[in-house]
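Coordinates as given in coords38.tsv (TSV, C-alpha atoms and all ligand atoms):
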chain	number	residue	atom	x	y	z
D	1	MET	CA	151.93	164.81	118.90
D	2	THR	CA	155.25	163.94	120.44
D	3	ARG	CA	155.21	164.79	124.14
D	4	LEU	CA	157.94	164.75	126.73
D	5	LEU	CA	157.72	164.83	130.50
D	6	LEU	CA	161.30	165.83	131.28
D	7	CYS	CA	162.14	165.19	134.93
D	8	THR	CA	165.50	166.23	136.28
D	9	ASP	CA	167.35	166.34	139.57
D	10	LEU	CA	168.92	169.72	140.39
D	11	ASP	CA	172.18	169.57	142.37
D	12	ARG	CA	175.05	168.33	140.20
D	13	THR	CA	172.58	167.26	137.49
D	14	LEU	CA	171.09	170.49	136.10
D	15	LEU	CA	173.01	172.76	138.48
D	16	PRO	CA	176.75	172.69	137.73
D	17	ASN	CA	177.72	172.78	141.42
D	18	GLY	CA	180.20	169.90	141.35
D	19	THR	CA	183.93	169.81	140.69
D	20	GLN	CA	183.77	168.86	136.98
D	21	PRO	CA	183.53	171.55	134.28
D	22	GLU	CA	180.27	172.51	132.61
D	23	SER	CA	180.07	172.87	128.81
D	24	GLU	CA	179.63	176.52	127.99
D	25	GLN	CA	176.39	176.46	126.01
D	26	ALA	CA	174.71	173.52	127.65
D	27	ARG	CA	172.29	175.34	129.96
D	28	GLU	CA	171.24	177.67	127.16
D	29	LEU	CA	170.47	174.66	124.94
D	30	PHE	CA	168.59	173.04	127.84
D	31	SER	CA	166.45	176.18	128.14
D	32	GLN	CA	165.75	176.07	124.39
D	33	LEU	CA	164.68	172.44	124.67
D	34	VAL	CA	162.28	172.93	127.57
D	35	ALA	CA	160.76	176.04	125.96
D	36	ARG	CA	159.29	173.73	123.26
D	37	PRO	CA	155.51	173.33	123.58
D	38	GLU	CA	155.96	169.53	123.57
D	39	VAL	CA	157.92	169.60	126.83
D	40	THR	CA	156.58	169.57	130.40
D	41	LEU	CA	159.43	170.23	132.83
D	42	VAL	CA	159.65	168.74	136.31
D	43	TYR	CA	162.41	169.31	138.89
D	44	VAL	CA	162.91	166.30	141.16
D	45	THR	CA	165.10	167.23	144.09
D	46	GLY	CA	166.01	166.81	147.72
D	47	ARG	CA	165.67	170.58	148.13
D	48	ASP	CA	162.67	172.23	149.75
D	49	PRO	CA	160.80	175.08	147.97
D	50	MET	CA	162.90	177.78	149.66
D	51	LEU	CA	166.19	176.22	148.54
D	52	ILE	CA	164.75	175.70	145.05
D	53	GLU	CA	163.92	179.42	144.88
D	54	GLU	CA	167.56	180.06	145.88
D	55	ALA	CA	168.68	177.93	142.92
D	56	PHE	CA	166.46	180.02	140.59
D	57	ASN	CA	168.20	183.15	141.85
D	58	GLU	CA	171.72	181.74	141.79
D	59	TYR	CA	171.67	179.95	138.42
D	60	THR	CA	170.07	180.68	135.06
D	61	ILE	CA	167.62	177.82	134.87
D	62	PRO	CA	164.07	177.80	133.53
D	63	ARG	CA	161.08	177.69	135.87
D	64	PRO	CA	159.49	174.23	135.77
D	65	ASP	CA	155.82	173.24	135.43
D	66	TYR	CA	156.02	170.93	138.46
D	67	VAL	CA	158.39	170.32	141.34
D	68	ILE	CA	158.85	167.05	143.20
D	69	ALA	CA	160.60	168.34	146.33
D	70	ASP	CA	161.99	166.79	149.53
D	71	VAL	CA	163.26	163.66	147.65
D	72	GLY	CA	159.70	162.82	146.66
D	73	ALA	CA	157.85	163.66	149.88
D	74	SER	CA	155.97	166.58	148.27
D	75	ILE	CA	154.68	167.69	144.86
D	76	TYR	CA	153.98	171.26	143.72
D	77	GLN	CA	152.61	172.78	140.54
D	78	LEU	CA	154.19	176.08	139.58
D	79	ILE	CA	151.84	178.57	138.02
D	80	HIS	CA	154.08	181.49	137.03
D	81	THR	CA	155.88	182.20	140.32
D	82	LYS	CA	153.16	180.70	142.52
D	83	TRP	CA	153.77	177.38	144.25
D	84	GLN	CA	150.67	175.24	144.48
D	85	HIS	CA	150.99	172.30	146.87
D	86	TRP	CA	149.40	169.00	145.70
D	87	PRO	CA	147.38	167.57	148.62
D	88	LYS	CA	146.44	164.58	146.41
D	89	TRP	CA	149.99	163.27	146.83
D	90	ASP	CA	149.92	163.81	150.61
D	91	ASN	CA	146.67	161.84	150.82
D	92	HIS	CA	148.23	159.07	148.75
D	93	ILE	CA	151.34	158.66	150.95
D	94	SER	CA	150.06	159.57	154.41
D	95	ARG	CA	148.62	156.17	155.34
D	96	LEU	CA	151.88	154.23	155.16
D	97	TRP	CA	153.29	155.60	158.41
D	98	GLY	CA	150.22	154.16	160.16
D	99	ALA	CA	149.38	156.00	163.35
D	100	TYR	CA	152.79	157.72	163.44
D	101	CYS	CA	153.61	161.28	162.48
D	102	HIS	CA	157.01	162.93	161.95
D	103	ALA	CA	157.46	163.72	165.68
D	104	ASP	CA	156.53	160.16	166.73
D	105	LEU	CA	159.07	158.61	164.36
D	106	LYS	CA	161.73	160.96	165.66
D	107	LEU	CA	161.09	159.65	169.19
D	108	LEU	CA	161.24	156.03	168.03
D	109	LEU	CA	164.67	156.61	166.51
D	110	GLN	CA	166.07	158.67	169.37
D	111	PRO	CA	168.00	155.69	170.86
D	112	ILE	CA	170.16	155.44	167.70
D	113	ARG	CA	172.98	157.78	168.58
D	114	GLU	CA	174.64	157.66	165.16
D	115	LEU	CA	171.65	159.53	163.69
D	116	GLU	CA	172.06	163.29	163.81
D	117	LEU	CA	168.86	165.18	163.02
D	118	GLN	CA	169.14	167.59	160.07
D	119	GLU	CA	168.09	171.24	160.49
D	120	GLU	CA	164.40	172.03	160.97
D	121	SER	CA	164.26	173.60	157.49
D	122	LYS	CA	165.24	170.23	155.96
D	123	GLN	CA	162.39	168.34	157.65
D	124	SER	CA	158.88	168.16	156.21
D	125	ALA	CA	155.58	166.52	157.15
D	126	TYR	CA	156.48	163.26	155.37
D	127	LYS	CA	160.30	163.43	155.41
D	128	LEU	CA	162.44	162.79	158.47
D	129	SER	CA	166.08	163.56	157.67
D	130	TYR	CA	169.34	162.73	159.41
D	131	TYR	CA	173.07	163.23	158.89
D	132	VAL	CA	175.26	160.17	159.32
D	133	SER	CA	179.05	160.19	159.59
D	134	LEU	CA	180.72	158.32	156.74
D	135	GLN	CA	182.97	156.61	159.29
D	136	ILE	CA	179.98	154.49	160.38
D	137	PRO	CA	179.09	151.34	158.35
D	138	HIS	CA	175.78	152.60	157.02
D	139	GLU	CA	174.36	149.17	156.01
D	140	LEU	CA	174.19	148.12	159.69
D	141	LEU	CA	172.64	151.40	160.67
D	142	LEU	CA	169.96	151.10	157.96
D	143	GLN	CA	169.19	147.54	159.12
D	144	ASN	CA	168.71	148.85	162.64
D	145	VAL	CA	166.33	151.61	161.46
D	146	THR	CA	164.44	149.10	159.29
D	147	ARG	CA	164.02	146.79	162.28
D	148	ILE	CA	162.61	149.54	164.50
D	149	MET	CA	160.19	150.61	161.75
D	150	ALA	CA	159.01	147.01	161.23
D	151	GLU	CA	158.55	146.41	164.98
D	152	ASN	CA	156.19	149.40	165.05
D	153	ASP	CA	154.30	148.54	161.84
D	154	VAL	CA	155.61	151.60	160.06
D	155	ASN	CA	156.01	151.15	156.31
D	156	ALA	CA	158.91	153.45	155.46
D	157	ASN	CA	161.16	154.11	152.49
D	158	LEU	CA	164.77	154.69	153.62
D	159	ILE	CA	166.74	156.78	151.14
D	160	TRP	CA	170.51	156.81	151.56
D	161	SER	CA	172.81	159.19	149.73
D	162	ILE	CA	176.13	160.96	150.19
D	163	ASP	CA	176.76	164.68	150.07
D	164	GLU	CA	180.21	164.52	148.51
D	165	GLN	CA	180.91	168.21	148.93
D	166	LYS	CA	180.20	168.09	152.66
D	167	ASP	CA	181.53	164.54	152.99
D	168	ILE	CA	178.54	163.33	154.98
D	169	GLY	CA	175.87	160.64	154.66
D	170	LEU	CA	172.21	161.63	154.33
D	171	LEU	CA	169.35	159.42	155.48
D	172	ASP	CA	165.82	160.41	154.50
D	173	ILE	CA	162.88	158.46	155.88
D	174	LEU	CA	159.65	158.74	153.87
D	175	PRO	CA	156.39	156.78	153.76
D	176	GLY	CA	156.95	153.44	151.99
D	177	ASN	CA	155.15	154.56	148.83
D	178	ALA	CA	156.94	157.93	148.56
D	179	GLY	CA	160.22	158.75	146.84
D	180	LYS	CA	161.47	160.23	143.59
D	181	ARG	CA	160.38	157.25	141.47
D	182	GLU	CA	156.96	156.92	143.09
D	183	ALA	CA	156.28	160.67	142.78
D	184	ILE	CA	157.29	160.67	139.08
D	185	GLU	CA	155.00	157.72	138.38
D	186	PHE	CA	152.16	159.41	140.30
D	187	LEU	CA	152.62	162.58	138.26
D	188	MET	CA	152.75	160.53	135.02
D	189	THR	CA	149.44	158.88	135.84
D	190	GLN	CA	147.80	162.14	136.88
D	191	LEU	CA	148.94	163.92	133.71
D	192	GLY	CA	148.39	160.93	131.38
D	193	PHE	CA	151.98	160.29	130.22
D	194	ASN	CA	153.26	156.83	129.16
D	195	TYR	CA	156.71	155.50	130.04
D	196	ASP	CA	158.02	156.19	126.51
D	197	GLU	CA	157.12	159.87	126.92
D	198	VAL	CA	159.13	160.38	130.12
D	199	VAL	CA	162.87	160.92	130.66
D	200	PHE	CA	164.54	161.40	134.05
D	201	ALA	CA	168.08	162.68	134.66
D	202	GLY	CA	170.10	162.35	137.87
D	203	ASP	CA	173.56	161.92	139.38
D	204	SER	CA	173.50	160.43	142.88
D	205	GLY	CA	172.33	157.78	145.34
D	206	ASN	CA	168.83	159.11	145.80
D	207	ASP	CA	168.32	158.97	141.99
D	208	ILE	CA	169.10	155.25	141.69
D	209	SER	CA	165.52	154.14	142.42
D	210	VAL	CA	164.44	155.95	139.22
D	211	MET	CA	167.54	154.81	137.27
D	212	SER	CA	166.62	151.18	137.92
D	213	SER	CA	162.91	151.48	137.10
D	214	PRO	CA	160.87	151.39	133.86
D	215	VAL	CA	161.25	155.19	133.66
D	216	GLN	CA	163.73	156.06	130.87
D	217	ALA	CA	166.70	157.58	132.67
D	218	VAL	CA	170.05	159.21	132.06
D	219	LEU	CA	172.96	159.33	134.47
D	220	VAL	CA	175.04	162.43	133.80
D	221	ALA	CA	178.78	161.85	133.12
D	222	ASN	CA	179.91	163.71	136.26
D	223	ALA	CA	178.29	161.03	138.50
D	224	SER	CA	180.78	159.09	140.64
D	225	GLU	CA	181.99	155.62	139.57
D	226	GLU	CA	180.23	154.11	142.62
D	227	VAL	CA	176.87	155.57	141.55
D	228	LYS	CA	177.41	154.46	137.92
D	229	GLN	CA	178.12	150.92	139.06
D	230	ALA	CA	175.23	150.82	141.54
D	231	ALA	CA	172.78	152.18	138.94
D	232	ARG	CA	173.90	149.60	136.36
D	233	GLN	CA	173.65	146.72	138.86
D	234	GLN	CA	170.21	147.78	140.11
D	235	ALA	CA	168.87	148.29	136.58
D	236	GLU	CA	170.12	144.83	135.61
D	237	ALA	CA	168.59	143.25	138.70
D	238	ASN	CA	165.23	144.87	137.87
D	239	GLY	CA	165.38	144.02	134.15
D	240	CYS	CA	165.51	147.71	133.19
D	241	VAL	CA	168.93	148.06	131.49
D	242	HIS	CA	167.34	149.47	128.33
D	243	GLN	CA	165.85	152.28	130.38
D	244	LEU	CA	169.23	153.45	131.68
D	245	TYR	CA	171.64	155.56	129.63
D	246	LEU	CA	175.04	156.74	130.87
D	247	ALA	CA	176.07	160.04	129.31
D	248	LYS	CA	179.49	159.77	127.67
D	249	GLY	CA	180.17	163.27	126.34
D	250	ASP	CA	181.48	164.09	122.88
D	251	PHE	CA	177.93	164.91	121.80
D	252	HIS	CA	177.75	168.01	119.55
D	253	GLY	CA	180.88	169.23	121.33
D	254	LEU	CA	179.28	168.87	124.78
D	255	ASN	CA	181.08	167.06	127.60
D	256	GLY	CA	178.23	164.99	129.12
D	257	ASN	CA	178.40	166.69	132.52
D	258	TYR	CA	175.29	168.30	134.11
D	259	SER	CA	172.84	169.72	131.51
D	260	SER	CA	175.01	168.39	128.63
D	261	GLY	CA	174.36	164.91	129.94
D	262	ILE	CA	170.63	165.61	130.19
D	263	LEU	CA	170.53	166.74	126.53
D	264	GLU	CA	172.54	163.71	125.41
D	265	GLY	CA	170.24	161.37	127.32
D	266	VAL	CA	167.02	162.93	126.05
D	267	ALA	CA	168.39	162.72	122.48
D	268	HIS	CA	169.21	159.02	123.08
D	269	TYR	CA	165.53	158.31	123.78
D	270	MET	CA	163.95	160.88	121.42
D	271	ASN	CA	165.28	161.32	117.87
D	272	GLN	CA	163.51	164.65	117.39
D	273	VAL	CA	165.67	166.43	119.95
D	274	GLU	CA	168.69	166.79	117.66
D	275	SER	CA	166.62	168.41	114.91
D	276	TRP	CA	164.89	170.67	117.48
D	277	LEU	CA	168.24	171.98	118.74
D	278	TRP	CA	170.72	171.69	115.90
D	279	SER	CA	168.75	171.80	112.64
D	280	LYS	CA	169.77	174.74	110.47
D	281	THR	CA	166.42	174.80	108.65
W	301	MG	MG	171.96	165.49	142.57
What is this file in structure tokens?
Amino acid sequence: MTRLLLCTDLDRTLLPNGTQPESEQARELFSQLVARPEVTLVYVTGRDPMLIEEAFNEYTIPRPDYVIADVGASIYQLIHTKWQHWPKWDNHISRLWGAYCHADLKLLLQPIRELELQEESKQSAYKLSYYVSLQIPHELLLQNVTRIMAENDVNANLIWSIDEQKDIGLLDILPGNAGKREAIEFLMTQLGFNYDEVVFAGDSGNDISVMSSPVQAVLVANASEEVKQAARQQAEANGCVHQLYLAKGDFHGLNGNYSSGILEGVAHYMNQVESWLWSKT
């Protein structure tokens, strides 16, 4: 049987909370697609469970089977409305910070004054998050953080992205083997999916690691030119250009933004999708 593990980012990918317009029927079609028995739905987001619940209340989106939250620092299974935390993932990623915990890393980075700690609600056991002004050259700052981590034998994954609405940089520090891509691949292995049965959709900097990996990915049309270029370059460098699709729009009257782009991308990789959604028979 055809199977699909459909993984999607939320903000400005499935959720139409950007400046570009959303096609009218796109979210309804998305819901029809994920209601198919062949589809397992996963939300992959920087949000924590509370903010994801807020998205459920604010937008009409289907409840997923799994959630990769905190940019890949935690995995949950959703059974009806119950969130079940996956300790297997915590065990897998916990060793990479060595003897250090969240509070210890915070102390190590205290001397870097350009790092402004995010709110307590945005921190989690394996995610240390900072705001960074966009006036600061972030490459130098990331080098500085990397150096401090290396000097203390901490294996960390630094995830840089930009909140365009708030016009601020976001730095998330996770264990070296945690992140959106790593969590998707972990889930794939645990659930027994192959690469050709998985599609990921995203729009921003923290999605690029998946866009440039062997995971089949779609970049929605509302993504910025910088992200489109960076995703293309990274995919080329990693030899994964055939696993990256940029939504163009003009697909069954849909504009390629947000959930329209997800549908277009999934249809690019899986022929059946068009007949599932548009067949008159
Ligand atoms: Mg996003």
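Shortest atom-to-atom contact with ligand MG 301 (chain W) among D:Val220, D:Leu263, D:Leu140, D:Ile159: D:Val220, counting all atoms listed in the file.
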Q: List the neighbours of stretch 48-51 of chain D out to 12 Å using all atoms listed in the file; skip same-chain residues closer than 2 positions along the sequence, and give me the result as a PyMOL selection string.
A: chain D and resi 10-11+43-46+53-58+66-78+81-85+120-125+127
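Minimum distance to D:Ala217 across D:Gly253, D:Pro111, D:Gly261, D:Pro16 (counting all atoms listed in the file) occurs at D:Gly261.
Remark: for ligand MG 301 (chain W), the closest of the candidate residues D:Ala26, D:Ile184, D:Leu246, D:Ile208 is D:Ile208 (distances computed over only C-alpha atoms and all ligand atoms).
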Q.
So that I can check the surroundings of D:Leu33, please list as a PyMOL selection string every protein, DNA and RNA residue that reaches within 8 Å of it, counting only C-alpha atoms and ignoring chain neighbours fewer than 2 positions away.
A. chain D and resi 29-31+35-36+39+273+276-277
Q: Name the residues, by chain letter and number, that sit within 6 Å of ligand MG 301 (chain W) using only C-alpha atoms and all ligand atoms, and give them as a PyMOL selection string.
A: chain D and resi 9-13+202-204
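Nearest to D:Glu139 of all the residues D:Leu174, D:Cys240, D:Leu191, D:Leu158 is D:Leu158, counting all atoms listed in the file.
Shortest atom-to-atom contact with D:Leu219 among D:Cys101, D:Ile93, D:Val34, D:Val199: D:Val199, counting all atoms listed in the file.
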Q: Point out the residue among D:Thr146, D:Glu28, D:Gly18, D:Ala221 with the least atom-to-atom distance to D:Asn257, counting all atoms listed in the file.
A: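 Residue with the minimum atom-to-atom distance to D:Asn257: D:Ala221.
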Q | Non-local contacts of D:Arg27 (10 Å; all atoms listed in the file; under 3 positions in same chain excluded) as an NGL selection string | A | :D and (14-16 or 22-24 or 30-33 or 59-62 or 258-260 or 262-263)
Q) If you measure from atom CA of D:Val154 to atom CA of D:Pro175, what distance in Å do you get, rounded to one decimal? A) 8.2 Å
Q: Could you check how far atom CA of D:Cys7 sits from atom CA of D:Asp65, in Å to one decimal?
A: 10.2 Å
Q.
Report, in Å to a single decimal, how far apart atom CA of D:His138 and atom CA of D:Glu114 are.
A. 9.7 Å
Build an axis-aligned box that encloses every atom of stretch 34-49 of chain D listed in the file, pad it by 4 Å on each side, and report its centre and edge lengths in Å to one decimal, as JSON.
{"center_x": 160.8, "center_y": 171.2, "center_z": 136.5, "size_x": 18.5, "size_y": 17.7, "size_z": 34.5}
Skipping near chain neighbours, those fewer than 4 positions away, what residues fall within 8 Å of D:Pro214 using all atoms listed in the file, listed as a PDB file with C-alpha atoms, keeping the file's coordinate frame?
ATOM      1  CA  TYR D 195     156.710 155.500 130.040  1.00  0.00           C
ATOM      2  CA  VAL D 210     164.440 155.950 139.220  1.00  0.00           C
ATOM      3  CA  CYS D 240     165.510 147.710 133.190  1.00  0.00           C
ATOM      4  CA  GLN D 243     165.850 152.280 130.380  1.00  0.00           C
TER       5      GLN D 243
END
With N, CA and C atoms as the goal, would you fill in the gaps in stretch 5-39 of chain D and present it as a PDB file, in the frame of the given file?
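Wrote it out as result_6.pdb, contents follow:
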ATOM      1  N   LEU D   5     157.706 164.410 129.101  1.00  0.00           N
ATOM      2  CA  LEU D   5     157.720 164.830 130.500  1.00  0.00           C
ATOM      3  C   LEU D   5     159.179 164.713 130.930  1.00  0.00           C
ATOM      4  N   LEU D   6     159.870 165.835 130.972  1.00  0.00           N
ATOM      5  CA  LEU D   6     161.300 165.830 131.280  1.00  0.00           C
ATOM      6  C   LEU D   6     161.495 166.117 132.767  1.00  0.00           C
ATOM      7  N   CYS D   7     161.974 165.092 133.479  1.00  0.00           N
ATOM      8  CA  CYS D   7     162.140 165.190 134.930  1.00  0.00           C
ATOM      9  C   CYS D   7     163.629 165.225 135.226  1.00  0.00           C
ATOM     10  N   THR D   8     164.083 166.212 135.955  1.00  0.00           N
ATOM     11  CA  THR D   8     165.500 166.230 136.280  1.00  0.00           C
ATOM     12  C   THR D   8     165.779 166.627 137.721  1.00  0.00           C
ATOM     13  N   ASP D   9     166.798 165.974 138.267  1.00  0.00           N
ATOM     14  CA  ASP D   9     167.350 166.340 139.570  1.00  0.00           C
ATOM     15  C   ASP D   9     168.028 167.709 139.393  1.00  0.00           C
ATOM     16  N   LEU D  10     168.262 168.409 140.492  1.00  0.00           N
ATOM     17  CA  LEU D  10     168.920 169.720 140.390  1.00  0.00           C
ATOM     18  C   LEU D  10     170.417 169.651 140.708  1.00  0.00           C
ATOM     19  N   ASP D  11     170.772 169.455 141.983  1.00  0.00           N
ATOM     20  CA  ASP D  11     172.180 169.570 142.370  1.00  0.00           C
ATOM     21  C   ASP D  11     173.071 168.571 141.640  1.00  0.00           C
ATOM     22  N   ARG D  12     174.066 169.099 140.974  1.00  0.00           N
ATOM     23  CA  ARG D  12     175.050 168.330 140.200  1.00  0.00           C
ATOM     24  C   ARG D  12     174.434 167.531 139.048  1.00  0.00           C
ATOM     25  N   THR D  13     173.148 167.804 138.728  1.00  0.00           N
ATOM     26  CA  THR D  13     172.580 167.260 137.490  1.00  0.00           C
ATOM     27  C   THR D  13     172.289 168.453 136.579  1.00  0.00           C
ATOM     28  N   LEU D  14     171.281 169.270 136.902  1.00  0.00           N
ATOM     29  CA  LEU D  14     171.090 170.490 136.100  1.00  0.00           C
ATOM     30  C   LEU D  14     172.002 171.618 136.601  1.00  0.00           C
ATOM     31  N   LEU D  15     172.139 171.708 137.924  1.00  0.00           N
ATOM     32  CA  LEU D  15     173.010 172.760 138.480  1.00  0.00           C
ATOM     33  C   LEU D  15     174.462 172.295 138.438  1.00  0.00           C
ATOM     34  N   PRO D  16     175.361 173.130 137.885  1.00  0.00           N
ATOM     35  CA  PRO D  16     176.750 172.690 137.730  1.00  0.00           C
ATOM     36  C   PRO D  16     177.574 172.906 138.999  1.00  0.00           C
ATOM     37  N   ASN D  17     177.020 172.495 140.165  1.00  0.00           N
ATOM     38  CA  ASN D  17     177.720 172.780 141.420  1.00  0.00           C
ATOM     39  C   ASN D  17     178.570 171.613 141.922  1.00  0.00           C
ATOM     40  N   GLY D  18     179.236 170.945 140.986  1.00  0.00           N
ATOM     41  CA  GLY D  18     180.200 169.900 141.350  1.00  0.00           C
ATOM     42  C   GLY D  18     181.588 170.346 140.940  1.00  0.00           C
ATOM     43  N   THR D  19     182.552 169.423 140.990  1.00  0.00           N
ATOM     44  CA  THR D  19     183.930 169.810 140.690  1.00  0.00           C
ATOM     45  C   THR D  19     184.245 169.764 139.185  1.00  0.00           C
ATOM     46  N   GLN D  20     183.470 168.993 138.411  1.00  0.00           N
ATOM     47  CA  GLN D  20     183.770 168.860 136.980  1.00  0.00           C
ATOM     48  C   GLN D  20     183.287 170.093 136.212  1.00  0.00           C
ATOM     49  N   PRO D  21     183.911 170.360 135.049  1.00  0.00           N
ATOM     50  CA  PRO D  21     183.530 171.550 134.280  1.00  0.00           C
ATOM     51  C   PRO D  21     182.193 171.377 133.563  1.00  0.00           C
ATOM     52  N   GLU D  22     181.530 172.501 133.363  1.00  0.00           N
ATOM     53  CA  GLU D  22     180.270 172.510 132.610  1.00  0.00           C
ATOM     54  C   GLU D  22     180.554 172.980 131.182  1.00  0.00           C
ATOM     55  N   SER D  23     179.930 172.371 130.186  1.00  0.00           N
ATOM     56  CA  SER D  23     180.070 172.870 128.810  1.00  0.00           C
ATOM     57  C   SER D  23     179.389 174.228 128.708  1.00  0.00           C
ATOM     58  N   GLU D  24     180.054 175.113 127.990  1.00  0.00           N
ATOM     59  CA  GLU D  24     179.630 176.520 127.990  1.00  0.00           C
ATOM     60  C   GLU D  24     178.163 176.771 127.594  1.00  0.00           C
ATOM     61  N   GLN D  25     177.729 176.124 126.516  1.00  0.00           N
ATOM     62  CA  GLN D  25     176.390 176.460 126.010  1.00  0.00           C
ATOM     63  C   GLN D  25     175.290 175.513 126.497  1.00  0.00           C
ATOM     64  N   ALA D  26     175.650 174.591 127.335  1.00  0.00           N
ATOM     65  CA  ALA D  26     174.710 173.520 127.650  1.00  0.00           C
ATOM     66  C   ALA D  26     173.414 174.008 128.288  1.00  0.00           C
ATOM     67  N   ARG D  27     173.518 174.908 129.270  1.00  0.00           N
ATOM     68  CA  ARG D  27     172.290 175.340 129.960  1.00  0.00           C
ATOM     69  C   ARG D  27     171.389 176.151 129.049  1.00  0.00           C
ATOM     70  N   GLU D  28     172.011 176.907 128.128  1.00  0.00           N
ATOM     71  CA  GLU D  28     171.240 177.670 127.160  1.00  0.00           C
ATOM     72  C   GLU D  28     170.461 176.717 126.230  1.00  0.00           C
ATOM     73  N   LEU D  29     171.132 175.650 125.788  1.00  0.00           N
ATOM     74  CA  LEU D  29     170.470 174.660 124.940  1.00  0.00           C
ATOM     75  C   LEU D  29     169.350 173.945 125.709  1.00  0.00           C
ATOM     76  N   PHE D  30     169.615 173.674 126.991  1.00  0.00           N
ATOM     77  CA  PHE D  30     168.590 173.040 127.840  1.00  0.00           C
ATOM     78  C   PHE D  30     167.346 173.935 127.901  1.00  0.00           C
ATOM     79  N   SER D  31     167.574 175.245 128.081  1.00  0.00           N
ATOM     80  CA  SER D  31     166.450 176.180 128.140  1.00  0.00           C
ATOM     81  C   SER D  31     165.671 176.189 126.817  1.00  0.00           C
ATOM     82  N   GLN D  32     166.420 176.111 125.707  1.00  0.00           N
ATOM     83  CA  GLN D  32     165.750 176.070 124.390  1.00  0.00           C
ATOM     84  C   GLN D  32     164.889 174.816 124.267  1.00  0.00           C
ATOM     85  N   LEU D  33     165.429 173.697 124.766  1.00  0.00           N
ATOM     86  CA  LEU D  33     164.680 172.440 124.670  1.00  0.00           C
ATOM     87  C   LEU D  33     163.383 172.512 125.463  1.00  0.00           C
ATOM     88  N   VAL D  34     163.480 172.980 126.721  1.00  0.00           N
ATOM     89  CA  VAL D  34     162.280 172.930 127.570  1.00  0.00           C
ATOM     90  C   VAL D  34     161.286 174.035 127.226  1.00  0.00           C
ATOM     91  N   ALA D  35     161.699 175.001 126.401  1.00  0.00           N
ATOM     92  CA  ALA D  35     160.760 176.040 125.960  1.00  0.00           C
ATOM     93  C   ALA D  35     159.825 175.502 124.865  1.00  0.00           C
ATOM     94  N   ARG D  36     160.141 174.323 124.311  1.00  0.00           N
ATOM     95  CA  ARG D  36     159.290 173.730 123.260  1.00  0.00           C
ATOM     96  C   ARG D  36     157.908 173.414 123.843  1.00  0.00           C
ATOM     97  N   PRO D  37     156.849 173.604 123.052  1.00  0.00           N
ATOM     98  CA  PRO D  37     155.510 173.330 123.580  1.00  0.00           C
ATOM     99  C   PRO D  37     155.284 171.850 123.911  1.00  0.00           C
ATOM    100  N   GLU D  38     156.119 170.974 123.320  1.00  0.00           N
ATOM    101  CA  GLU D  38     155.960 169.530 123.570  1.00  0.00           C
ATOM    102  C   GLU D  38     156.454 169.120 124.960  1.00  0.00           C
ATOM    103  N   VAL D  39     157.223 170.008 125.608  1.00  0.00           N
ATOM    104  CA  VAL D  39     157.920 169.600 126.830  1.00  0.00           C
ATOM    105  C   VAL D  39     157.245 170.112 128.102  1.00  0.00           C
TER     106      VAL D  39
END
